Each structure stands twice: as C-alpha cells, then as structure tokens.
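With compact mmCIF, C-alpha atoms and all ligand atoms inside, this is target_31.txt:
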# COMPACT_ATOMS: atom_id res chain seq x y z
CA MET A 13 -52.76 2.56 20.49
CA GLU A 14 -54.83 -0.20 18.88
CA GLU A 15 -56.41 2.33 16.51
CA LYS A 16 -52.94 3.39 15.43
CA TYR A 17 -51.88 -0.21 14.79
CA LYS A 18 -55.03 -0.71 12.71
CA ARG A 19 -54.27 2.43 10.69
CA ILE A 20 -50.66 1.33 10.08
CA ALA A 21 -51.82 -2.18 9.10
CA LYS A 22 -54.21 -0.66 6.50
CA LEU A 23 -51.40 1.54 5.12
CA LEU A 24 -49.14 -1.50 4.74
CA LEU A 25 -51.85 -3.59 3.05
CA ASN A 26 -52.76 -0.78 0.64
CA SER A 27 -49.17 0.14 -0.21
CA LYS A 28 -47.83 -0.47 -3.70
CA LYS A 29 -44.27 -0.96 -2.46
CA CYS A 30 -43.36 -1.10 1.22
CA ILE A 31 -39.76 -1.31 2.51
CA ALA A 32 -38.10 -1.18 5.93
CA LEU A 33 -34.99 0.66 7.12
CA THR A 34 -33.67 -0.63 10.46
CA GLY A 35 -31.05 0.34 13.01
CA ALA A 36 -29.66 -0.97 16.29
CA GLY A 37 -32.97 -0.41 18.12
CA ILE A 38 -34.62 -3.36 16.35
CA SER A 39 -31.94 -5.68 17.81
CA ALA A 40 -32.00 -4.19 21.33
CA GLU A 41 -34.59 -6.80 22.44
CA SER A 42 -32.26 -9.53 21.14
CA GLY A 43 -29.73 -8.40 23.75
CA ILE A 44 -27.42 -6.44 21.42
CA PRO A 45 -26.35 -2.98 22.66
CA THR A 46 -27.36 0.10 20.66
CA PHE A 47 -24.88 2.88 20.05
CA ARG A 48 -26.39 6.21 21.14
CA SER A 49 -29.14 5.27 23.59
CA LYS A 50 -28.14 5.30 27.27
CA GLU A 51 -25.85 2.30 27.94
CA GLY A 52 -25.05 2.48 24.21
CA MET A 53 -21.61 1.56 22.87
CA TRP A 54 -20.68 5.16 22.01
CA GLU A 55 -21.66 6.28 25.51
CA LYS A 56 -18.83 4.03 26.75
CA TYR A 57 -16.29 4.15 23.93
CA ASP A 58 -15.21 6.97 21.59
CA PRO A 59 -15.91 5.59 18.09
CA ALA A 60 -13.05 7.68 16.66
CA VAL A 61 -10.61 5.84 18.92
CA TYR A 62 -12.16 2.36 18.79
CA ALA A 63 -14.19 2.03 15.58
CA SER A 64 -12.58 4.11 12.84
CA ILE A 65 -10.52 2.61 10.03
CA ASP A 66 -7.56 4.92 10.88
CA ALA A 67 -7.59 3.75 14.51
CA PHE A 68 -7.85 0.12 13.32
CA HIS A 69 -4.75 0.48 11.12
CA LYS A 70 -2.84 2.09 14.01
CA ASP A 71 -3.88 -0.40 16.71
CA PRO A 72 -6.44 -3.14 15.80
CA SER A 73 -6.49 -4.43 19.39
CA LYS A 74 -8.62 -1.40 20.41
CA TYR A 75 -11.41 -2.51 18.06
CA TRP A 76 -11.08 -6.17 19.05
CA THR A 77 -11.18 -5.20 22.75
CA ILE A 78 -14.57 -3.45 22.52
CA ARG A 79 -16.01 -5.92 19.96
CA GLY A 80 -16.51 -8.44 22.76
CA ASP A 81 -18.71 -5.85 24.56
CA PHE A 82 -20.90 -5.65 21.46
CA ILE A 83 -21.19 -9.15 19.97
CA ARG A 84 -18.75 -11.75 21.23
CA ASN A 85 -20.07 -14.74 19.33
CA TYR A 86 -22.14 -14.04 16.20
CA ASP A 87 -24.10 -17.29 16.63
CA ASP A 88 -25.25 -16.46 20.18
CA TYR A 89 -27.93 -13.97 19.12
CA LYS A 90 -31.47 -14.73 17.98
CA PRO A 91 -34.00 -12.64 16.05
CA ASN A 92 -36.81 -11.11 18.16
CA PRO A 93 -40.53 -10.70 17.19
CA ALA A 94 -39.75 -7.48 15.29
CA HIS A 95 -37.30 -9.25 12.93
CA LEU A 96 -39.66 -12.21 12.61
CA THR A 97 -42.63 -9.96 11.74
CA LEU A 98 -40.65 -8.24 8.95
CA ALA A 99 -39.75 -11.68 7.54
CA GLU A 100 -43.44 -12.71 7.66
CA LEU A 101 -44.49 -9.45 5.95
CA GLU A 102 -42.04 -10.27 3.15
CA LYS A 103 -43.45 -13.80 2.85
CA MET A 104 -46.99 -12.33 2.63
CA GLY A 105 -45.85 -10.10 -0.23
CA VAL A 106 -46.47 -6.94 1.82
CA LEU A 107 -42.79 -5.98 2.34
CA THR A 108 -40.33 -5.84 -0.58
CA SER A 109 -36.99 -5.45 1.21
CA VAL A 110 -35.21 -4.66 4.45
CA ILE A 111 -32.40 -2.12 4.36
CA THR A 112 -30.35 -2.40 7.54
CA GLN A 113 -27.47 -0.60 9.24
CA ASN A 114 -27.09 -3.57 11.56
CA ILE A 115 -24.19 -6.01 11.21
CA ASP A 116 -25.70 -8.74 13.41
CA GLY A 117 -27.31 -10.81 10.62
CA LEU A 118 -30.60 -11.11 12.57
CA HIS A 119 -32.86 -10.20 9.61
CA SER A 120 -31.43 -13.11 7.57
CA LYS A 121 -31.62 -15.40 10.62
CA ALA A 122 -35.32 -14.39 10.94
CA GLY A 123 -35.94 -15.55 7.35
CA SER A 124 -35.92 -12.22 5.46
CA LYS A 125 -34.58 -12.83 1.94
CA GLN A 126 -34.23 -9.32 0.45
CA VAL A 127 -31.82 -7.81 2.99
CA ILE A 128 -29.50 -4.92 2.07
CA GLU A 129 -26.68 -4.74 4.66
CA LEU A 130 -25.36 -1.19 4.26
CA HIS A 131 -22.76 -1.46 7.05
CA GLY A 132 -21.63 -4.99 6.18
CA THR A 133 -21.81 -8.02 8.42
CA LEU A 134 -19.96 -9.67 11.29
CA ARG A 135 -20.69 -13.02 9.63
CA ARG A 136 -17.53 -12.73 7.53
CA ILE A 137 -14.05 -11.80 8.76
CA LEU A 138 -11.30 -10.89 6.24
CA CYS A 139 -7.52 -10.84 6.34
CA MET A 140 -6.36 -7.22 5.79
CA GLN A 141 -3.29 -8.54 3.96
CA CYS A 142 -4.34 -11.44 1.71
CA SER A 143 -8.19 -11.04 1.93
CA LYS A 144 -8.63 -14.68 2.96
CA GLU A 145 -12.20 -15.03 4.33
CA TYR A 146 -13.17 -16.62 7.64
CA THR A 147 -16.54 -17.17 9.25
CA ALA A 148 -17.17 -15.15 12.40
CA PRO A 149 -14.96 -16.52 15.17
CA ASN A 150 -15.50 -16.09 18.87
CA VAL A 151 -14.09 -12.65 19.54
CA PRO A 152 -10.63 -12.90 21.18
CA ASP A 153 -9.99 -10.77 24.27
CA GLY A 154 -8.09 -7.78 22.90
CA THR A 155 -5.50 -9.61 20.81
CA PRO A 156 -6.52 -9.29 17.16
CA PRO A 157 -6.99 -12.66 15.42
CA LEU A 158 -4.34 -13.29 12.73
CA CYS A 159 -4.61 -14.96 9.35
CA ASP A 160 -3.41 -18.58 9.40
CA GLU A 161 -2.28 -18.13 5.81
CA CYS A 162 -0.12 -14.98 5.97
CA GLY A 163 -0.22 -13.77 9.59
CA GLY A 164 -2.11 -10.62 8.58
CA VAL A 165 -4.58 -8.97 11.00
CA LEU A 166 -8.23 -10.03 10.59
CA LYS A 167 -11.04 -7.45 10.36
CA PRO A 168 -14.80 -8.08 10.23
CA ASN A 169 -16.41 -7.33 6.89
CA THR A 170 -18.15 -4.29 8.43
CA VAL A 171 -17.91 -0.57 7.61
CA LEU A 172 -15.82 1.30 10.17
CA PHE A 173 -16.04 5.08 10.52
CA GLY A 174 -14.06 6.65 7.66
CA GLU A 175 -14.75 3.72 5.28
CA PRO A 176 -17.04 3.93 2.25
CA LEU A 177 -20.27 1.92 2.24
CA PRO A 178 -20.49 -1.01 -0.21
CA ALA A 179 -21.40 0.84 -3.45
CA LYS A 180 -23.78 -1.84 -4.82
CA ALA A 181 -25.72 -2.07 -1.56
CA LEU A 182 -26.01 1.72 -1.29
CA SER A 183 -27.30 2.15 -4.85
CA GLU A 184 -29.79 -0.72 -4.31
CA ALA A 185 -31.01 1.00 -1.12
CA GLN A 186 -31.34 4.37 -2.88
CA ARG A 187 -33.32 2.71 -5.68
CA GLU A 188 -35.66 1.04 -3.13
CA CYS A 189 -36.19 4.36 -1.30
CA SER A 190 -36.95 6.32 -4.46
CA THR A 191 -39.53 3.80 -5.68
CA CYS A 192 -41.44 2.87 -2.51
CA ASP A 193 -44.61 4.51 -1.19
CA ILE A 194 -44.16 3.35 2.43
CA MET A 195 -40.99 3.06 4.55
CA LEU A 196 -41.10 1.41 7.97
CA LEU A 197 -38.28 3.26 9.81
CA ILE A 198 -37.43 1.09 12.81
CA GLY A 199 -34.99 1.64 15.68
CA THR A 200 -32.56 4.16 14.24
CA SER A 201 -31.45 7.61 15.40
CA THR A 202 -31.03 8.57 11.68
CA VAL A 203 -27.87 10.58 12.42
CA VAL A 204 -25.23 8.65 10.44
CA TYR A 205 -24.94 9.55 6.75
CA PRO A 206 -25.37 8.45 4.02
CA VAL A 207 -28.05 6.16 5.54
CA ALA A 208 -29.71 9.07 7.36
CA ALA A 209 -30.52 10.59 3.94
CA LEU A 210 -32.62 7.57 2.91
CA PRO A 211 -35.89 8.41 4.73
CA LYS A 212 -35.69 11.91 3.17
CA LEU A 213 -35.34 10.25 -0.26
CA VAL A 214 -38.65 8.42 0.41
CA LYS A 215 -40.36 11.72 1.24
CA GLU A 216 -38.82 13.53 -1.78
CA ASN A 217 -40.35 10.84 -3.99
CA GLY A 218 -43.80 11.21 -2.44
CA GLY A 219 -43.56 8.26 -0.06
CA GLN A 220 -44.62 8.16 3.59
CA VAL A 221 -42.48 7.26 6.60
CA ILE A 222 -43.85 5.21 9.51
CA GLU A 223 -41.39 5.46 12.41
CA LEU A 224 -41.20 2.89 15.23
CA ASN A 225 -38.84 4.17 17.90
CA LEU A 226 -38.73 5.10 21.59
CA GLU A 227 -38.03 8.70 20.45
CA ASN A 228 -39.19 10.54 17.34
CA ALA A 229 -35.77 10.66 15.67
CA PHE A 230 -36.79 11.53 12.08
CA PRO A 231 -38.22 15.09 11.84
CA PHE A 232 -40.42 14.35 8.77
CA THR A 233 -42.14 11.21 10.06
CA ASP A 234 -45.75 10.81 8.87
CA TYR A 235 -46.80 8.26 11.54
CA PHE A 236 -44.87 7.81 14.80
CA ILE A 237 -45.23 4.81 17.13
CA GLY A 238 -43.39 5.36 20.42
CA GLU A 239 -43.19 1.70 21.33
CA LYS A 240 -40.57 -1.05 21.46
CA ALA A 241 -40.28 -2.65 18.03
CA GLY A 242 -40.62 -6.16 19.50
CA THR A 243 -44.02 -5.13 20.94
CA ALA A 244 -45.37 -2.92 18.13
CA MET A 245 -44.54 -5.10 15.12
CA PRO A 246 -46.51 -8.21 16.23
CA GLN A 247 -49.49 -5.97 17.11
CA ILE A 248 -49.42 -4.40 13.64
CA MET A 249 -49.27 -7.92 12.16
CA ALA A 250 -52.26 -9.01 14.29
CA GLU A 251 -54.34 -6.06 13.00
CA LEU A 252 -53.19 -6.75 9.44
CA LYS A 253 -54.34 -10.39 9.66
CA LYS A 254 -57.75 -9.29 11.07
CA ILE A 255 -58.24 -6.97 8.07
CA LYS A 256 -57.18 -9.69 5.62
CA ASN A 257 -59.52 -12.25 7.24
CA ASN A 258 -62.47 -9.82 7.12
CA ASN A 259 -61.98 -9.07 3.43
N1 LIG A 301 -37.47 -0.48 19.77
C1 LIG A 301 -37.40 0.56 18.90
N2 LIG A 301 -36.43 1.50 18.92
C2 LIG A 301 -35.49 1.38 19.89
C3 LIG A 301 -35.48 0.33 20.83
C4 LIG A 301 -36.52 -0.62 20.74
N3 LIG A 301 -36.62 -1.66 21.60
N4 LIG A 301 -34.40 0.50 21.66
C5 LIG A 301 -33.76 1.61 21.23
N5 LIG A 301 -34.41 2.15 20.17
C6 LIG A 301 -34.03 3.31 19.36
C7 LIG A 301 -33.37 4.43 20.12
O1 LIG A 301 -34.35 5.34 20.61
C8 LIG A 301 -32.50 5.08 19.02
O2 LIG A 301 -33.21 6.11 18.34
O3 LIG A 301 -33.06 2.85 18.42
C9 LIG A 301 -32.23 3.94 18.05
C10 LIG A 301 -30.79 3.45 18.08
O4 LIG A 301 -29.97 4.50 17.61
P1 LIG A 301 -28.38 4.25 17.52
O5 LIG A 301 -27.92 3.62 18.78
O6 LIG A 301 -27.80 5.55 17.06
O7 LIG A 301 -28.23 3.14 16.38
P2 LIG A 301 -28.29 3.35 14.81
O8 LIG A 301 -29.27 4.40 14.44
O9 LIG A 301 -28.48 2.00 14.21
O10 LIG A 301 -26.79 3.86 14.47
C11 LIG A 301 -26.48 4.02 13.11
O11 LIG A 301 -24.16 4.38 13.69
O12 LIG A 301 -22.37 3.78 14.98
C12 LIG A 301 -22.91 3.67 13.73
O13 LIG A 301 -22.53 1.90 12.27
C13 LIG A 301 -23.20 2.22 13.46
O14 LIG A 301 -25.02 1.30 12.20
C14 LIG A 301 -24.71 2.18 13.26
C15 LIG A 301 -25.05 3.62 12.89

Any chance you could give the structure as structure tokens?
Amino acid sequence: MEEKYKRIAKLLLNSKKCIALTGAGISAESGIPTFRSKEGMWEKYDPAVYASIDAFHKDPSKYWTIRGDFIRNYDDYKPNPAHLTLAELEKMGVLTSVITQNIDGLHSKAGSKQVIELHGTLRRILCMQCSKEYTAPNVPDGTPPLCDECGGVLKPNTVLFGEPLPAKALSEAQRECSTCDIMLLIGTSTVVYPVAALPKLVKENGGQVIELNLENAFPFTDYFIGEKAGTAMPQIMAELKKIKNNN
C-alpha cells in the first residue's frame, strides 16, 4: 500500500489543479453516521418520509425526530485526520478547493478555506415563514423549534430531497470539476445527482479521479484506495512531504 500512497502523492504534487469531492464517509471517523453504509441513516429511516421537502411541509416533526440521530449538537463534532489533511494540502498550495455533500461543517472547522457546500449546512437554521436566521441549536426531541419572531417552523439551511441545490455553489463546483486535472473522490457512494455527475465531468475534461473509499463506488476511477479516509490521507501526506524534502 505504501507504493500506492507514494504514487498518489506524486500525482498530487505534479497536478496543475487538484480538487476534492467528499461525502459522508469522510466524516464517519468523526462519529457522524453515513447514509447508505450498514448502520446508515437511510438503512433506518425512509428518506422520502423523513428527509424530503414535501414530508417536511406536511409534518416537520418527522425530520426533527431523526435529526437527533444524525447530529444533535453541531458543535459536538470535530474534524478527523482526513479533514485536517485536506486543509493542510490547501495551505501547501496543492489543493484548490473542497466540494462537499456534507452538512456538518467539518471541512471549515478543519481550516479549509475554499469549501463548496452543495447540500447546505446545519450551521444555519432558518424560519420557513419570515426567513429569520438562527445558529444551529441543540436539536429538540421531535418537536420542531419555532421562530421567536413569528412562530414559524425552523428548518436547517440544508437541501432536503426534492429541493434544488444552491445554484451558485453548483455552478462553482461544475467549474472546478471541468478545469481540474486531479479529483480526490473521498467517502461518497456517488449515487445522488447532480453531485454524482461531477466525477464524470472531471473525466470528460481529461482529468483523473483518485477514489478513497471502503468500496469502489465510482466506475471510472483511475486510482482506487480501499482504506479508511482517516488512515489513508495522513499516509499520502507523509509520502508527499518525503518527496518534497528530497527535492
Ligand atoms: N473512509 C472512506 N469512505 C468511507 C468510510 C471511511 N471511513 N466510511 C464509509 N465510507 C464510504 C462508504 O463505503 C460509502 O461509499 O462512504 C460512502 C458513504 O456513502 P453515503 O452514505 O451514500 O453518503 P454520501 O455519498 O455522502 O450521500 C450523498 O445522499 O442522502 C443524501 O444528502 C445526503 O449528502 C448525502 C448524499
């Protein structure tokens, strides 16, 4: 495996523009459940019933009931070595941006600056009636939190099933994918569109995809590392620093 890490480190150092696309798997080692792995959220709850915008309008308490099973208090979670390594790669000028499907804010907490949050963030909670903004509260048990201004129901600033992605973030992500030569694809099953189309966009524009996952989820991966992200990323960084020190 060391040879592979060395090869990946060389690819990153020689890349003209390297980006990362991450999913729930990169936060698994921070104690946040994934969605489709075993024990994942959608193994326990039907997302159509609990996490779609239609269901939320009908009965917001369903969403707020399961939210506690996912992330009860936004501030309780810390970045793991995979997030920290991506932030260090950005500081070294090796990585240009992180595109993430995750709503946990851990890339920003790790120190990454160029973060494109395609599915929004739990950091901000909005009133559905008057749009007043709140910072992430502790998640109530089942009863949806109400706006202290107008009594409207509060909803996290995240994209539920059936909602459009933030247009600016999506076009930024598409621009990054069509102009990079390397994408680090970390911890995502690449099944939810439009994000799942992004690694293909890299390939269509002549880029290469390096996938870090426990399963080979993307069929057109150029280099696959079947290792936990929290283990693989620091090893790649260690090889990268050895190469830099020898040059
Ligand atoms: N290191 C690397 N990969 C991991 C790890 C780990 N420690 N643990 C799990 N994985 C991989 C799994 O093998 C799986 O392929 O992470 C992936 C997680 O896939 P999903 O649970 O489907 O999460 P994600 O791809 O982020 O889902 C996309 O679906 O429900 C929506 O909006 C939600 O953003 C989410 C989107």

Output as a Markdown table one row per residue of region 41-119 of chain A within 10 Å of region 203-226 of chain A: the closest atom pair and its distance in Å to one decimal place, counting only C-alpha atoms, sorted by chain and residue number ascending.
| residue | atom | partner | partner_atom | distance |
| --- | --- | --- | --- | --- |
| A:Arg48 | CA | A:Val203 | CA | 9.9 |
| A:Ser49 | CA | A:Leu226 | CA | 9.8 |
| A:Ile111 | CA | A:Val207 | CA | 9.4 |
| A:Thr112 | CA | A:Val207 | CA | 9.1 |
| A:Gln113 | CA | A:Val207 | CA | 7.7 |

Once you count all atoms listed in the file, what closest atom pair and distance in Å to one decimal does each residue of chain A within 6 Å of ligand LIG 301 (chain A) have, with rows by chain and rising residue number, as a tab-separated table?
residue	atom	partner	partner_atom	distance
A:Gly35	CA	A:LIG301	O9	3.3
A:Ala36	CA	A:LIG301	O9	3.8
A:Gly37	CA	A:LIG301	O3	3.3
A:Ile38	CA	A:LIG301	N1	5.3
A:Ala40	CA	A:LIG301	N3	5.3
A:Glu41	CA	A:LIG301	N3	5.6
A:Thr46	CA	A:LIG301	O5	4.0
A:Phe47	CA	A:LIG301	O5	3.4
A:Arg48	CA	A:LIG301	O5	3.8
A:Ser49	CA	A:LIG301	O5	5.2
A:Gln113	CA	A:LIG301	O14	4.3
A:Asn114	CA	A:LIG301	O14	5.3
A:Gly199	CA	A:LIG301	N2	3.5
A:Thr200	CA	A:LIG301	O8	3.3
A:Ser201	CA	A:LIG301	O2	3.7
A:Thr202	CA	A:LIG301	O8	5.3
A:Val204	CA	A:LIG301	O11	5.5
A:Leu224	CA	A:LIG301	C1	5.8
A:Asn225	CA	A:LIG301	N2	3.7
A:Leu226	CA	A:LIG301	O1	4.5
A:Glu227	CA	A:LIG301	O1	5.0
A:Ala229	CA	A:LIG301	O2	5.9
A:Lys240	CA	A:LIG301	N1	3.6
A:Ala241	CA	A:LIG301	N1	4.0

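Across A:Thr170, A:Ser42, A:Asn85, A:Thr97, the tightest approach to Met249 (chain A) is made by A:Thr97 when counting all atoms listed in the file.
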
Computed interatomic separation between CA of Asp160 (chain A) and CA of Thr147 (chain A) (Å):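 Spanning CA of Asp160 (chain A) to CA of Thr147 (chain A) is a straight-line distance of 13.2 Å.
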
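Atom pair CA of Arg187 (chain A) / CA of Gly123 (chain A): separated by 22.6 Å.
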
Could you tell me which of A:Ile198, A:Leu182, A:Leu134, A:Leu252 comes closest to Phe236 (chain A) if we count all atoms listed in the file?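 Under the stated criterion, the closest residue is A:Ile198.
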
Counting all atoms listed in the file, the option among A:Tyr62, A:Tyr17, A:Tyr89, A:Tyr75 closest to Pro168 (chain A):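 Closest to Pro168 (chain A) of all the choices is A:Tyr75.
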
Find the spatial neighbours of Pro93 (chain A), counting all atoms listed in the file, within a cut-off of 10 Å - ignore same-chain residues fewer than 2 positions away - and output them as a PyMOL selection string. chain A and resi 38-39+41-42+90-91+95-99+122+241-246

Record the distance separating CA of Ile65 (chain A) and CA of Gly174 (chain A), expressed in Å with one decimal. 5.9 Å

Neighbours of Gly105 (chain A) within 12 Å (all atoms listed in the file; same-chain residues fewer than 4 positions away dropped), as a ChimeraX atom specification? /A:24-31,98-101,109,124-126

Which of A:Ala148, A:Ile128, A:Val61, A:Leu197 sits closest to Arg84 (chain A) [using all atoms listed in the file]: A:Ala148

Return the single residue from A:Gly238, A:Pro156, A:Gly52, A:Gln141 that is closest to Lys74 (chain A), with distances computed using only C-alpha atoms.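 Ranking A:Gly238, A:Pro156, A:Gly52, A:Gln141 by distance to Lys74 (chain A), first place goes to A:Pro156.
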
Would you fill the gaps in region 119-130 of chain A so it has all heavy atoms, then print it as a PDB file, in the frame of the given file?
ATOM      1  N   HIS A 119     -31.759 -10.176  10.601  1.00  0.00           N
ATOM      2  CA  HIS A 119     -32.860 -10.200   9.610  1.00  0.00           C
ATOM      3  C   HIS A 119     -32.783 -11.485   8.783  1.00  0.00           C
ATOM      4  O   HIS A 119     -33.798 -12.136   8.545  1.00  0.00           O
ATOM      5  CB  HIS A 119     -32.763  -8.976   8.682  1.00  0.00           C
ATOM      6  CG  HIS A 119     -33.161  -7.683   9.335  1.00  0.00           C
ATOM      7  ND1 HIS A 119     -34.420  -7.468   9.836  1.00  0.00           N
ATOM      8  CD2 HIS A 119     -32.466  -6.553   9.576  1.00  0.00           C
ATOM      9  CE1 HIS A 119     -34.493  -6.247  10.358  1.00  0.00           C
ATOM     10  NE2 HIS A 119     -33.312  -5.673  10.219  1.00  0.00           N
ATOM     11  N   SER A 120     -31.574 -11.861   8.354  1.00  0.00           N
ATOM     12  CA  SER A 120     -31.430 -13.110   7.570  1.00  0.00           C
ATOM     13  C   SER A 120     -31.770 -14.303   8.445  1.00  0.00           C
ATOM     14  O   SER A 120     -32.477 -15.217   8.033  1.00  0.00           O
ATOM     15  CB  SER A 120     -29.998 -13.237   7.032  1.00  0.00           C
ATOM     16  OG  SER A 120     -29.656 -12.057   6.355  1.00  0.00           O
ATOM     17  N   LYS A 121     -31.307 -14.279   9.702  1.00  0.00           N
ATOM     18  CA  LYS A 121     -31.620 -15.400  10.620  1.00  0.00           C
ATOM     19  C   LYS A 121     -33.131 -15.506  10.832  1.00  0.00           C
ATOM     20  O   LYS A 121     -33.652 -16.580  11.083  1.00  0.00           O
ATOM     21  CB  LYS A 121     -30.930 -15.186  11.979  1.00  0.00           C
ATOM     22  CG  LYS A 121     -29.416 -15.416  11.970  1.00  0.00           C
ATOM     23  CD  LYS A 121     -28.855 -15.314  13.391  1.00  0.00           C
ATOM     24  CE  LYS A 121     -27.327 -15.407  13.409  1.00  0.00           C
ATOM     25  NZ  LYS A 121     -26.782 -15.236  14.794  1.00  0.00           N
ATOM     26  N   ALA A 122     -33.853 -14.373  10.724  1.00  0.00           N
ATOM     27  CA  ALA A 122     -35.320 -14.390  10.940  1.00  0.00           C
ATOM     28  C   ALA A 122     -36.041 -14.933   9.718  1.00  0.00           C
ATOM     29  O   ALA A 122     -37.233 -15.224   9.770  1.00  0.00           O
ATOM     30  CB  ALA A 122     -35.803 -12.980  11.252  1.00  0.00           C
ATOM     31  N   GLY A 123     -35.325 -15.019   8.571  1.00  0.00           N
ATOM     32  CA  GLY A 123     -35.940 -15.550   7.350  1.00  0.00           C
ATOM     33  C   GLY A 123     -36.163 -14.517   6.271  1.00  0.00           C
ATOM     34  O   GLY A 123     -36.658 -14.827   5.191  1.00  0.00           O
ATOM     35  N   SER A 124     -35.798 -13.245   6.520  1.00  0.00           N
ATOM     36  CA  SER A 124     -35.920 -12.220   5.460  1.00  0.00           C
ATOM     37  C   SER A 124     -34.955 -12.587   4.332  1.00  0.00           C
ATOM     38  O   SER A 124     -33.800 -12.974   4.579  1.00  0.00           O
ATOM     39  CB  SER A 124     -35.572 -10.831   5.995  1.00  0.00           C
ATOM     40  OG  SER A 124     -36.591 -10.370   6.854  1.00  0.00           O
ATOM     41  N   LYS A 125     -35.419 -12.461   3.081  1.00  0.00           N
ATOM     42  CA  LYS A 125     -34.580 -12.830   1.940  1.00  0.00           C
ATOM     43  C   LYS A 125     -33.937 -11.592   1.301  1.00  0.00           C
ATOM     44  O   LYS A 125     -32.769 -11.564   0.993  1.00  0.00           O
ATOM     45  CB  LYS A 125     -35.425 -13.562   0.868  1.00  0.00           C
ATOM     46  CG  LYS A 125     -36.090 -14.848   1.399  1.00  0.00           C
ATOM     47  CD  LYS A 125     -35.110 -16.029   1.424  1.00  0.00           C
ATOM     48  CE  LYS A 125     -35.743 -17.286   1.996  1.00  0.00           C
ATOM     49  NZ  LYS A 125     -35.520 -17.366   3.476  1.00  0.00           N
ATOM     50  N   GLN A 126     -34.752 -10.544   1.090  1.00  0.00           N
ATOM     51  CA  GLN A 126     -34.230  -9.320   0.450  1.00  0.00           C
ATOM     52  C   GLN A 126     -33.698  -8.401   1.547  1.00  0.00           C
ATOM     53  O   GLN A 126     -34.417  -7.559   2.074  1.00  0.00           O
ATOM     54  CB  GLN A 126     -35.342  -8.610  -0.344  1.00  0.00           C
ATOM     55  CG  GLN A 126     -35.929  -9.426  -1.485  1.00  0.00           C
ATOM     56  CD  GLN A 126     -34.847  -9.914  -2.460  1.00  0.00           C
ATOM     57  OE1 GLN A 126     -33.928  -9.154  -2.803  1.00  0.00           O
ATOM     58  NE2 GLN A 126     -34.945 -11.167  -2.858  1.00  0.00           N
ATOM     59  N   VAL A 127     -32.424  -8.612   1.918  1.00  0.00           N
ATOM     60  CA  VAL A 127     -31.820  -7.810   2.990  1.00  0.00           C
ATOM     61  C   VAL A 127     -30.622  -7.051   2.413  1.00  0.00           C
ATOM     62  O   VAL A 127     -29.734  -7.669   1.815  1.00  0.00           O
ATOM     63  CB  VAL A 127     -31.343  -8.693   4.161  1.00  0.00           C
ATOM     64  CG1 VAL A 127     -30.749  -7.827   5.289  1.00  0.00           C
ATOM     65  CG2 VAL A 127     -32.503  -9.534   4.714  1.00  0.00           C
ATOM     66  N   ILE A 128     -30.637  -5.735   2.559  1.00  0.00           N
ATOM     67  CA  ILE A 128     -29.500  -4.920   2.070  1.00  0.00           C
ATOM     68  C   ILE A 128     -28.703  -4.463   3.279  1.00  0.00           C
ATOM     69  O   ILE A 128     -29.211  -3.675   4.094  1.00  0.00           O
ATOM     70  CB  ILE A 128     -30.022  -3.701   1.268  1.00  0.00           C
ATOM     71  CG1 ILE A 128     -30.880  -4.164   0.073  1.00  0.00           C
ATOM     72  CG2 ILE A 128     -28.863  -2.828   0.793  1.00  0.00           C
ATOM     73  CD1 ILE A 128     -31.598  -3.028  -0.656  1.00  0.00           C
ATOM     74  N   GLU A 129     -27.490  -5.032   3.459  1.00  0.00           N
ATOM     75  CA  GLU A 129     -26.680  -4.740   4.660  1.00  0.00           C
ATOM     76  C   GLU A 129     -25.715  -3.592   4.331  1.00  0.00           C
ATOM     77  O   GLU A 129     -24.633  -3.802   3.794  1.00  0.00           O
ATOM     78  CB  GLU A 129     -25.914  -5.998   5.083  1.00  0.00           C
ATOM     79  CG  GLU A 129     -26.831  -7.119   5.596  1.00  0.00           C
ATOM     80  CD  GLU A 129     -26.098  -8.417   5.940  1.00  0.00           C
ATOM     81  OE1 GLU A 129     -25.183  -8.802   5.182  1.00  0.00           O
ATOM     82  OE2 GLU A 129     -26.439  -9.024   6.970  1.00  0.00           O
ATOM     83  N   LEU A 130     -26.131  -2.379   4.673  1.00  0.00           N
ATOM     84  CA  LEU A 130     -25.360  -1.190   4.260  1.00  0.00           C
ATOM     85  C   LEU A 130     -24.054  -1.041   5.041  1.00  0.00           C
ATOM     86  O   LEU A 130     -23.103  -0.426   4.565  1.00  0.00           O
ATOM     87  CB  LEU A 130     -26.204   0.074   4.459  1.00  0.00           C
ATOM     88  CG  LEU A 130     -27.321   0.279   3.433  1.00  0.00           C
ATOM     89  CD1 LEU A 130     -28.114   1.519   3.777  1.00  0.00           C
ATOM     90  CD2 LEU A 130     -26.748   0.366   2.028  1.00  0.00           C
TER      91      LEU A 130
END
